[in-house]
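Undergrad: Sharing target-v5.cif, mmCIF, C-alpha atoms:
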```cif
data_structure
#
loop_
_atom_site.group_PDB
_atom_site.id
_atom_site.type_symbol
_atom_site.label_atom_id
_atom_site.label_comp_id
_atom_site.auth_asym_id
_atom_site.auth_seq_id
_atom_site.Cartn_x
_atom_site.Cartn_y
_atom_site.Cartn_z
ATOM 1 C CA MET A 1310 65.388 2.462 -134.380
ATOM 2 C CA VAL A 1311 63.275 5.660 -134.020
ATOM 3 C CA THR A 1312 64.921 8.238 -131.834
ATOM 4 C CA GLN A 1313 63.037 10.369 -129.369
ATOM 5 C CA GLU A 1314 63.579 13.424 -131.544
ATOM 6 C CA GLN A 1315 62.215 11.629 -134.610
ATOM 7 C CA ARG A 1316 59.207 10.472 -132.625
ATOM 8 C CA LYS A 1317 58.516 14.058 -131.537
ATOM 9 C CA ARG A 1318 58.677 15.202 -135.142
ATOM 10 C CA GLN A 1319 56.326 12.402 -136.233
ATOM 11 C CA LEU A 1320 53.816 13.305 -133.542
ATOM 12 C CA ALA A 1321 54.036 16.954 -134.519
ATOM 13 C CA ARG A 1322 53.372 16.064 -138.174
ATOM 14 C CA GLU A 1323 50.387 13.915 -137.199
ATOM 15 C CA LYS A 1324 49.033 16.722 -135.021
ATOM 16 C CA PHE A 1325 49.463 19.186 -137.885
ATOM 17 C CA LEU A 1326 47.663 16.811 -140.293
ATOM 18 C CA ARG A 1327 44.790 16.389 -137.842
ATOM 19 C CA GLN A 1328 44.490 20.168 -137.525
ATOM 20 C CA GLN A 1329 44.511 20.531 -141.293
ATOM 21 C CA GLN A 1330 41.816 17.874 -141.609
ATOM 22 C CA ARG A 1331 39.664 19.641 -139.024
ATOM 23 C CA ARG A 1332 40.130 22.980 -140.786
ATOM 24 C CA THR A 1333 39.260 21.420 -144.133
ATOM 25 C CA ALA A 1334 36.120 19.860 -142.636
ATOM 26 C CA LEU A 1335 35.133 23.194 -141.095
ATOM 27 C CA ARG A 1336 35.635 24.970 -144.433
ATOM 28 C CA ARG A 1337 33.460 22.362 -146.165
ATOM 29 C CA LYS A 1338 30.723 22.866 -143.591
ATOM 30 C CA ALA A 1339 30.979 26.633 -143.960
ATOM 31 C CA ARG A 1340 30.736 26.360 -147.743
ATOM 32 C CA ALA A 1341 27.688 24.124 -147.436
ATOM 33 C CA ARG A 1342 26.069 26.512 -144.955
ATOM 34 C CA ASN A 1343 26.818 29.501 -147.175
ATOM 35 C CA ALA A 1344 25.383 27.672 -150.177
ATOM 36 C CA VAL A 1345 22.141 27.089 -148.272
ATOM 37 C CA ILE A 1346 22.031 30.724 -147.175
ATOM 38 C CA ALA A 1347 22.713 31.863 -150.737
ATOM 39 C CA SER A 1348 19.948 29.666 -152.103
ATOM 40 C CA VAL A 1349 17.491 31.035 -149.535
ATOM 41 C CA LEU A 1350 18.515 34.595 -150.353
ATOM 42 C CA GLY A 1351 18.129 33.757 -154.023
ATOM 43 C CA VAL A 1352 14.550 32.668 -153.411
ATOM 44 C CA ILE A 1353 13.871 35.866 -151.486
ATOM 45 C CA LEU A 1354 15.406 38.014 -154.219
ATOM 46 C CA VAL A 1355 13.501 36.203 -156.943
ATOM 47 C CA GLY A 1356 10.291 36.635 -154.971
ATOM 48 C CA SER A 1357 11.025 40.323 -154.514
ATOM 49 C CA LEU A 1358 11.827 40.677 -158.216
ATOM 50 C CA ALA A 1359 8.550 38.996 -159.102
ATOM 51 C CA LEU A 1360 6.727 41.611 -157.027
ATOM 52 C CA TYR A 1361 8.647 44.359 -158.751
ATOM 53 C CA THR A 1362 8.261 43.134 -162.317
ATOM 54 C CA THR A 1363 4.517 42.643 -162.055
ATOM 55 C CA GLY A 1364 4.119 46.268 -161.225
ATOM 56 C CA VAL A 1365 5.066 47.634 -157.785
ATOM 57 C CA LEU A 1366 7.463 46.910 -154.916
ATOM 58 C CA LYS A 1367 7.477 48.766 -151.596
ATOM 59 C CA ASP A 1368 10.501 49.210 -149.319
ATOM 60 C CA ASP A 1369 9.090 51.605 -146.739
ATOM 61 C CA ASP A 1370 9.546 49.739 -143.453
ATOM 62 C CA LYS A 1371 7.327 52.105 -141.471
ATOM 63 C CA ALA A 1372 4.474 51.778 -143.910
ATOM 64 C CA ASN A 1373 4.875 48.005 -143.987
ATOM 65 C CA ALA A 1374 4.821 47.816 -140.209
ATOM 66 C CA ALA A 1375 1.658 49.877 -140.098
ATOM 67 C CA ALA A 1376 0.032 47.708 -142.745
ATOM 68 C CA GLU A 1377 1.003 44.523 -140.905
ATOM 69 C CA ALA A 1378 -0.861 45.805 -137.862
ATOM 70 C CA THR A 1379 -4.079 45.675 -139.874
ATOM 71 C CA PRO A 1380 -3.841 42.485 -141.962
ATOM 72 C CA SER A 1381 -6.065 41.872 -144.960
ATOM 73 C CA PRO A 1382 -9.256 39.957 -144.206
ATOM 74 C CA SER A 1383 -9.148 36.238 -145.062
ATOM 75 C CA PRO A 1384 -11.332 34.996 -147.942
ATOM 76 C CA SER A 1385 -13.524 32.965 -145.596
ATOM 77 C CA ALA A 1386 -14.268 36.026 -143.427
ATOM 78 C CA VAL A 1387 -15.384 38.311 -146.252
ATOM 79 C CA LYS A 1388 -18.507 38.317 -148.363
ATOM 80 C CA ASP A 1389 -17.817 39.017 -152.025
ATOM 81 C CA PRO A 1390 -19.206 42.544 -152.580
ATOM 82 C CA CYS A 1391 -19.325 42.203 -156.367
ATOM 83 C CA GLU A 1392 -21.771 40.797 -158.892
ATOM 84 C CA LYS A 1393 -21.339 37.861 -161.232
ATOM 85 C CA PRO A 1394 -19.399 38.643 -164.429
ATOM 86 C CA ALA A 1395 -21.253 39.244 -167.658
ATOM 87 C CA ALA A 1396 -21.307 36.390 -170.153
ATOM 88 C CA GLY A 1397 -18.393 36.362 -172.553
ATOM 89 C CA ALA A 1398 -14.841 35.177 -173.044
ATOM 90 C CA VAL A 1399 -11.474 36.894 -172.792
ATOM 91 C CA LYS A 1400 -9.804 37.660 -176.112
ATOM 92 C CA THR A 1401 -6.203 36.591 -176.570
ATOM 93 C CA GLN A 1402 -5.114 38.838 -179.428
ATOM 94 C CA THR A 1403 -1.551 40.179 -179.568
ATOM 95 C CA TRP A 1404 0.149 42.613 -181.910
ATOM 96 C CA LYS A 1405 3.731 42.904 -183.053
ATOM 97 C CA LYS A 1406 4.096 46.652 -182.655
ATOM 98 C CA GLU A 1407 2.564 49.623 -180.900
ATOM 99 C CA PRO A 1408 -0.410 51.057 -182.814
ATOM 100 C CA ALA A 1409 0.068 54.312 -184.656
ATOM 101 C CA ILE A 1410 -1.209 57.355 -182.793
ATOM 102 C CA SER A 1411 -4.769 58.012 -183.891
ATOM 103 C CA ILE A 1412 -6.154 60.000 -180.960
ATOM 104 C CA ASP A 1413 -6.406 63.777 -180.848
ATOM 105 C CA LYS A 1414 -3.579 64.715 -178.476
ATOM 106 C CA SER A 1415 -5.245 68.007 -177.622
ATOM 107 C CA ALA A 1416 -8.607 66.489 -176.716
ATOM 108 C CA LYS A 1417 -9.844 65.112 -173.398
ATOM 109 C CA TYR A 1418 -10.575 61.403 -173.130
ATOM 110 C CA THR A 1419 -12.264 59.262 -170.500
ATOM 111 C CA MET A 1420 -11.840 55.554 -169.866
ATOM 112 C CA LYS A 1421 -14.860 53.756 -168.448
ATOM 113 C CA LEU A 1422 -14.381 50.410 -166.742
ATOM 114 C CA ALA A 1423 -17.711 48.690 -166.264
ATOM 115 C CA THR A 1424 -16.737 46.164 -163.593
ATOM 116 C CA THR A 1425 -18.615 43.591 -161.575
ATOM 117 C CA CYS A 1426 -18.056 45.825 -158.552
ATOM 118 C CA GLY A 1427 -19.282 49.062 -160.126
ATOM 119 C CA GLU A 1428 -18.266 51.571 -162.771
ATOM 120 C CA ILE A 1429 -14.843 53.177 -162.556
ATOM 121 C CA ASP A 1430 -14.424 56.344 -164.638
ATOM 122 C CA VAL A 1431 -10.926 57.587 -165.363
ATOM 123 C CA ALA A 1432 -10.050 61.028 -166.753
ATOM 124 C CA LEU A 1433 -7.073 60.365 -169.047
ATOM 125 C CA LYS A 1434 -3.999 62.600 -169.296
ATOM 126 C CA THR A 1435 -3.952 62.668 -173.081
ATOM 127 C CA SER A 1436 -1.443 65.420 -173.792
ATOM 128 C CA ALA A 1437 0.980 64.230 -171.082
ATOM 129 C CA ALA A 1438 0.830 60.533 -172.002
ATOM 130 C CA PRO A 1439 -0.325 60.277 -175.630
ATOM 131 C CA HIS A 1440 1.267 56.902 -176.380
ATOM 132 C CA THR A 1441 -0.333 55.365 -173.294
ATOM 133 C CA VAL A 1442 -3.770 56.845 -173.889
ATOM 134 C CA ASN A 1443 -3.622 55.913 -177.573
ATOM 135 C CA SER A 1444 -2.704 52.329 -176.677
ATOM 136 C CA PHE A 1445 -5.606 52.057 -174.255
ATOM 137 C CA ALA A 1446 -8.004 53.502 -176.818
ATOM 138 C CA PHE A 1447 -6.757 50.941 -179.341
ATOM 139 C CA LEU A 1448 -6.941 47.958 -176.968
ATOM 140 C CA ALA A 1449 -10.334 48.943 -175.555
ATOM 141 C CA GLY A 1450 -11.647 49.292 -179.111
ATOM 142 C CA LYS A 1451 -10.526 45.734 -179.817
ATOM 143 C CA GLY A 1452 -12.313 44.417 -176.709
ATOM 144 C CA TYR A 1453 -8.955 43.430 -175.232
ATOM 145 C CA PHE A 1454 -9.890 44.254 -171.635
ATOM 146 C CA ASP A 1455 -13.422 42.860 -171.749
ATOM 147 C CA HIS A 1456 -14.113 39.958 -169.344
ATOM 148 C CA THR A 1457 -10.613 40.203 -167.805
ATOM 149 C CA LYS A 1458 -10.016 39.878 -164.062
ATOM 150 C CA CYS A 1459 -8.161 42.420 -161.991
ATOM 151 C CA HIS A 1460 -5.648 39.899 -160.720
ATOM 152 C CA ARG A 1461 -3.790 41.681 -157.932
ATOM 153 C CA LEU A 1462 -4.554 43.734 -154.822
ATOM 154 C CA THR A 1463 -1.876 45.070 -152.488
ATOM 155 C CA THR A 1464 -2.749 46.137 -148.948
ATOM 156 C CA ASN A 1465 0.667 46.201 -147.280
ATOM 157 C CA GLY A 1466 2.616 49.454 -147.622
ATOM 158 C CA ILE A 1467 1.339 50.158 -151.126
ATOM 159 C CA PHE A 1468 -2.345 50.234 -151.967
ATOM 160 C CA VAL A 1469 -3.230 49.377 -155.547
ATOM 161 C CA LEU A 1470 -5.559 47.255 -157.640
ATOM 162 C CA GLN A 1471 -3.810 45.854 -160.708
ATOM 163 C CA CYS A 1472 -5.656 44.960 -163.910
ATOM 164 C CA GLY A 1473 -5.153 44.651 -167.656
ATOM 165 C CA ASP A 1474 -3.777 41.123 -168.015
ATOM 166 C CA PRO A 1475 -6.027 38.821 -170.072
ATOM 167 C CA THR A 1476 -4.165 35.776 -168.720
ATOM 168 C CA GLY A 1477 -4.807 36.785 -165.095
ATOM 169 C CA SER A 1478 -1.275 35.615 -164.259
ATOM 170 C CA GLY A 1479 0.489 38.957 -163.992
ATOM 171 C CA SER A 1480 2.690 38.186 -166.997
ATOM 172 C CA GLY A 1481 0.325 38.794 -169.935
ATOM 173 C CA GLY A 1482 0.491 41.642 -172.415
ATOM 174 C CA PRO A 1483 -0.519 42.844 -175.877
ATOM 175 C CA GLY A 1484 2.691 41.725 -177.595
ATOM 176 C CA TYR A 1485 4.164 45.228 -177.812
ATOM 177 C CA THR A 1486 5.508 47.762 -175.344
ATOM 178 C CA ILE A 1487 5.016 51.507 -175.051
ATOM 179 C CA PRO A 1488 7.397 54.238 -173.866
ATOM 180 C CA ASP A 1489 7.370 55.645 -170.357
ATOM 181 C CA GLU A 1490 5.655 59.027 -170.188
ATOM 182 C CA ASN A 1491 4.770 61.775 -167.735
ATOM 183 C CA LEU A 1492 7.160 60.574 -165.024
ATOM 184 C CA LYS A 1493 7.557 64.149 -163.767
ATOM 185 C CA ASP A 1494 3.832 64.693 -163.342
ATOM 186 C CA THR A 1495 3.192 67.417 -160.768
ATOM 187 C CA SER A 1496 0.914 65.053 -158.822
ATOM 188 C CA LEU A 1497 3.906 62.857 -157.918
ATOM 189 C CA LYS A 1498 5.457 64.515 -154.887
ATOM 190 C CA ALA A 1499 8.092 62.945 -152.623
ATOM 191 C CA ASN A 1500 7.811 59.676 -154.565
ATOM 192 C CA VAL A 1501 4.147 59.302 -153.642
ATOM 193 C CA TYR A 1502 1.489 58.202 -156.119
ATOM 194 C CA PRO A 1503 -1.625 59.825 -154.646
ATOM 195 C CA ALA A 1504 -4.946 58.051 -154.243
ATOM 196 C CA GLY A 1505 -6.883 58.129 -157.488
ATOM 197 C CA THR A 1506 -3.837 57.799 -159.739
ATOM 198 C CA VAL A 1507 -3.984 55.300 -162.603
ATOM 199 C CA ALA A 1508 -0.519 54.246 -163.781
ATOM 200 C CA MET A 1509 1.204 51.668 -165.947
ATOM 201 C CA ALA A 1510 2.761 48.539 -164.510
ATOM 202 C CA ASN A 1511 6.069 47.459 -166.041
ATOM 203 C CA THR A 1512 8.849 44.891 -165.825
ATOM 204 C CA GLY A 1513 11.207 47.151 -163.910
ATOM 205 C CA GLN A 1514 12.935 48.135 -167.148
ATOM 206 C CA ALA A 1515 12.472 51.442 -168.937
ATOM 207 C CA ASN A 1516 9.822 51.600 -171.660
ATOM 208 C CA SER A 1517 8.429 48.156 -170.839
ATOM 209 C CA GLY A 1518 4.750 48.982 -170.253
ATOM 210 C CA GLY A 1519 2.172 46.871 -172.058
ATOM 211 C CA SER A 1520 -1.463 46.562 -171.054
ATOM 212 C CA GLN A 1521 -1.268 46.085 -167.289
ATOM 213 C CA PHE A 1522 -2.127 49.074 -165.131
ATOM 214 C CA PHE A 1523 -2.840 49.813 -161.498
ATOM 215 C CA LEU A 1524 -5.334 52.029 -159.705
ATOM 216 C CA VAL A 1525 -4.157 53.609 -156.452
ATOM 217 C CA TYR A 1526 -6.824 53.641 -153.729
ATOM 218 C CA GLU A 1527 -4.612 55.137 -150.966
ATOM 219 C CA ASP A 1528 -1.482 57.279 -151.210
ATOM 220 C CA SER A 1529 1.395 54.920 -152.009
ATOM 221 C CA GLN A 1530 5.119 55.610 -151.912
ATOM 222 C CA LEU A 1531 6.727 54.355 -155.108
ATOM 223 C CA PRO A 1532 9.635 55.410 -157.297
ATOM 224 C CA PRO A 1533 8.492 57.624 -160.198
ATOM 225 C CA SER A 1534 8.948 54.815 -162.719
ATOM 226 C CA TYR A 1535 5.334 54.078 -163.621
ATOM 227 C CA THR A 1536 3.587 56.251 -166.210
ATOM 228 C CA PRO A 1537 0.692 58.110 -164.526
ATOM 229 C CA PHE A 1538 -1.930 58.468 -167.232
ATOM 230 C CA GLY A 1539 -5.260 59.008 -165.507
ATOM 231 C CA THR A 1540 -7.260 59.988 -162.436
ATOM 232 C CA VAL A 1541 -10.177 58.024 -160.983
ATOM 233 C CA SER A 1542 -13.470 59.838 -160.398
ATOM 234 C CA GLU A 1543 -14.950 60.201 -156.909
ATOM 235 C CA ALA A 1544 -17.566 57.529 -157.650
ATOM 236 C CA GLY A 1545 -14.840 55.268 -158.993
ATOM 237 C CA MET A 1546 -12.848 55.717 -155.791
ATOM 238 C CA ALA A 1547 -15.832 54.437 -153.805
ATOM 239 C CA VAL A 1548 -15.764 51.291 -155.932
ATOM 240 C CA LEU A 1549 -12.020 50.860 -155.330
ATOM 241 C CA LYS A 1550 -12.494 51.294 -151.581
ATOM 242 C CA LYS A 1551 -15.168 48.601 -151.602
ATOM 243 C CA ILE A 1552 -12.824 46.213 -153.404
ATOM 244 C CA ALA A 1553 -9.950 47.022 -151.045
ATOM 245 C CA ALA A 1554 -12.123 46.521 -147.957
ATOM 246 C CA ALA A 1555 -12.669 42.898 -148.978
ATOM 247 C CA GLY A 1556 -8.901 42.316 -148.885
ATOM 248 C CA GLU A 1557 -6.747 39.861 -150.778
ATOM 249 C CA ASN A 1558 -6.489 36.095 -150.625
ATOM 250 C CA THR A 1559 -3.070 35.551 -149.006
ATOM 251 C CA GLY A 1560 -3.515 37.630 -145.862
ATOM 252 C CA ALA A 1561 0.063 38.843 -146.436
ATOM 253 C CA GLY A 1562 -0.883 42.023 -148.256
ATOM 254 C CA ASP A 1563 -0.299 40.999 -151.872
ATOM 255 C CA GLY A 1564 -2.524 38.573 -153.725
ATOM 256 C CA ALA A 1565 -5.686 38.148 -155.736
ATOM 257 C CA PRO A 1566 -8.613 40.287 -154.542
ATOM 258 C CA ASN A 1567 -11.207 38.494 -152.430
ATOM 259 C CA ALA A 1568 -13.752 40.486 -154.414
ATOM 260 C CA THR A 1569 -14.476 39.102 -157.884
ATOM 261 C CA VAL A 1570 -13.261 42.092 -159.884
ATOM 262 C CA VAL A 1571 -13.931 41.560 -163.586
ATOM 263 C CA ILE A 1572 -13.939 44.254 -166.244
ATOM 264 C CA ASP A 1573 -17.109 43.411 -168.171
ATOM 265 C CA LYS A 1574 -16.470 46.202 -170.661
ATOM 266 C CA ALA A 1575 -13.783 48.864 -171.147
ATOM 267 C CA THR A 1576 -14.265 51.904 -173.377
ATOM 268 C CA VAL A 1577 -12.179 54.972 -174.173
ATOM 269 C CA ALA A 1578 -13.856 57.989 -175.719
ATOM 270 C CA LYS A 1579 -13.570 61.752 -176.011
ATOM 271 C CA SER A 1580 -15.142 63.409 -172.988
#
```
Can I see the file as structure tokens?
TA:
Amino acid sequence: MVTQEQRKRQLAREKFLRQQQRRTALRRKARARNAVIASVLGVILVGSLALYTTGVLKDDDKANAAAEATPSPSPSAVKDPCEKPAAGAVKTQTWKKEPAISIDKSAKYTMKLATTCGEIDVALKTSAAPHTVNSFAFLAGKGYFDHTKCHRLTTNGIFVLQCGDPTGSGSGGPGYTIPDENLKDTSLKANVYPAGTVAMANTGQANSGGSQFFLVYEDSQLPPSYTPFGTVSEAGMAVLKKIAAAGENTGAGDGAPNATVVIDKATVAKS
């Protein structure tokens, strides 16, 4: 026969077990919720990393807020300001190593980008970035940039047009990398790449530049991690402004340009 004291103990044990079961269930729910949160954060971080590795990532909240107040025009609302691309196909050559330096480091060089939107002339910083300028002279001489699309335009916090990827995906390159150069250029003040700067995109790692580059059409705050190797001419800036005015295709401030920006021909020569 169960005594009253034994019954009390049994009820207490059952109550304790029920509490333990509830706590276990709550922990399981919390773990499941945290797993969902972690997966969402993972997607956000991966998305942010993708922005960074294709060239540039902005974390200036004030600048972002200002940019959000003036969203990029939607593709349907904008007339393409550029002409049809010249006939020809993109070349898909790659090389195993950086070309040997063949330029005159003491000379001045100019890069001319004959695009569907107009000609963009760039005065190159040969002595400050010889590996970069030499690589561009080599690739341009091989026709590497010809018929390639400028695949990315940012209008939210940072203001750049990104080009130089024959695949148009943001992940293409020449098969080799070049060293970072000129990261202490006097034009870079307070982590701002001024309008008119032409700089290398990279993967976020040191010395990971390839063929992709970006042209800054408005002052943009960025860490000094992207080799500045040229300056766009005044006429070239007008072309960039025209491209930027047409906006990008996501409306979120980072996507393909609404303008059909194709480099029909790229040349590098002594100026």
Undergrad: List the neighbours of Phe1523 (chain A) out to 7 Å using only C-alpha atoms; skip same-chain residues closer than 5 positions along the sequence, and give me the result as a PDB file with C-alpha atoms, keeping the file's coordinate frame.
TA:
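Generated output (out_5.pdb):
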```pdb
ATOM      1  CA  VAL A1469      -3.230  49.377-155.547  1.00  0.00           C
ATOM      2  CA  LEU A1470      -5.559  47.255-157.640  1.00  0.00           C
ATOM      3  CA  GLN A1471      -3.810  45.854-160.708  1.00  0.00           C
ATOM      4  CA  CYS A1472      -5.656  44.960-163.910  1.00  0.00           C
ATOM      5  CA  VAL A1507      -3.984  55.300-162.603  1.00  0.00           C
ATOM      6  CA  ALA A1508      -0.519  54.246-163.781  1.00  0.00           C
ATOM      7  CA  MET A1509       1.204  51.668-165.947  1.00  0.00           C
ATOM      8  CA  ALA A1510       2.761  48.539-164.510  1.00  0.00           C
TER       9      ALA A1510
END
```
Undergrad: Can I get the residues of region 1445-1486 of chain A within 6 Å of region 1401-1421 of chain A, each with the closest pair of atoms and their distance in Å to one decimal, using all atoms listed in the file, sorted chain first then ascending number, as a tab-separated table?
TA:
```
residue	atom	partner	partner_atom	distance
A:Pro1483	CA	A:Thr1403	CA	4.7
A:Gly1484	CA	A:Thr1403	CA	4.9
A:Tyr1485	CA	A:Lys1406	CA	5.0
```
Undergrad: Write the residues of the preceding selection, restricted to C-alpha atoms, as a compact mmCIF listing (two decimals), in the coordinates of the input.
TA:
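And here is the file that came out, part20.txt:
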```txt
# COMPACT_ATOMS: atom_id res chain seq x y z
CA PRO A 1483 -0.52 42.84 -175.88
CA GLY A 1484 2.69 41.72 -177.60
CA TYR A 1485 4.16 45.23 -177.81
```
Undergrad: For Leu1531 (chain A), which of A:Gly1519, A:Gly1560, A:Gly1466, A:Pro1566 is the closest residue, counting only C-alpha atoms?
TA: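 For Leu1531 (chain A), the nearest of the candidates is A:Gly1466.
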Undergrad: What is the distance, in Å and to one decimal place, between CA of Gly1473 (chain A) and CA of Ala1499 (chain A)?
TA: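 Going from CA of Gly1473 (chain A) over to CA of Ala1499 (chain A) covers 27.1 Å.
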Undergrad: Would you please work out which residue, of A:Cys1391, A:Val1541, A:Met1546, A:Leu1448, is nearest to Ala1432 (chain A) when using all atoms listed in the file?
TA: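 The shortest atom-to-atom distance to Ala1432 (chain A) comes from A:Val1541.
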Undergrad: Decode the PyMOL selection byres ((chain A and resi 1526) around 8) for the given file into explicit residues and return them as a VMD selection string.
TA: chain A and resid 1468 to 1470 1504 to 1506 1524 to 1525 1527 to 1528 1546 1549 to 1550 1553
Undergrad: Have a look at CA of Lys1388 (chain A) and CA of Asn1567 (chain A) and let me know their distance in Å, one decimal.
TA: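 About the pair CA of Lys1388 (chain A) and CA of Asn1567 (chain A): they are 8.4 Å apart.
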Undergrad: Using only C-alpha atoms, which protein or nucleic acid residues come within 8 Å of Asp1474 (chain A)? Drop anything in the same chain fewer than 3 positions from it, and give the result as a list in words.
TA: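 Selected residues are Phe1454, Thr1457, Lys1458, Cys1459, His1460, Gly1477, Ser1478, Gly1479, Ser1480, Gly1481, Gly1482, Ser1520 and Gln1521 of chain A.
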Undergrad: Can you tell me how far CA of Gln1514 (chain A) sits from CA of Leu1422 (chain A), in Å to one decimal?
TA: 27.4 Å
Undergrad: For each of A:Gln1530, A:Thr1464, A:Asn1558, A:Thr1536, take the minimum atom-to-atom distance to Lys1434 (chain A), counting only C-alpha atoms, then give the residue where this is smallest.
TA: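 Using only C-alpha atoms, Lys1434 (chain A) sits closest to A:Thr1536.
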Undergrad: When the PyMOL selection byres ((chain A and resi 1515) around 8) is applied to the structure above, which residues does it catch, written out as a VMD selection string?
TA: chain A and resid 1488 to 1489 1513 to 1514 1516 to 1517 1534
Undergrad: When distances are computed from only C-alpha atoms, which of A:Gly1556, A:Pro1537, A:Gly1545, A:Gly1518 shows the smallest separation from Val1387 (chain A)?
TA: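 Under the stated criterion, the closest residue is A:Gly1556.
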Undergrad: Hey, what's within 6 Å of Ile1572 (chain A) if we count only C-alpha atoms and toss same-chain stuff fewer than 2 positions away? As a short mmCIF file (atom, residue, chain, number, x, y, z; two decimals) with C-alpha atoms, in the coordinates of the input, please?
TA:
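Dumped everything to selection_0.cif:
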```
data_model
loop_
_atom_site.label_atom_id
_atom_site.label_comp_id
_atom_site.auth_asym_id
_atom_site.auth_seq_id
_atom_site.Cartn_x
_atom_site.Cartn_y
_atom_site.Cartn_z
CA ALA A 1423 -17.71 48.69 -166.26
CA THR A 1424 -16.74 46.16 -163.59
CA ASP A 1455 -13.42 42.86 -171.75
CA HIS A 1456 -14.11 39.96 -169.34
CA THR A 1457 -10.61 40.20 -167.80
CA LYS A 1574 -16.47 46.20 -170.66
#
```
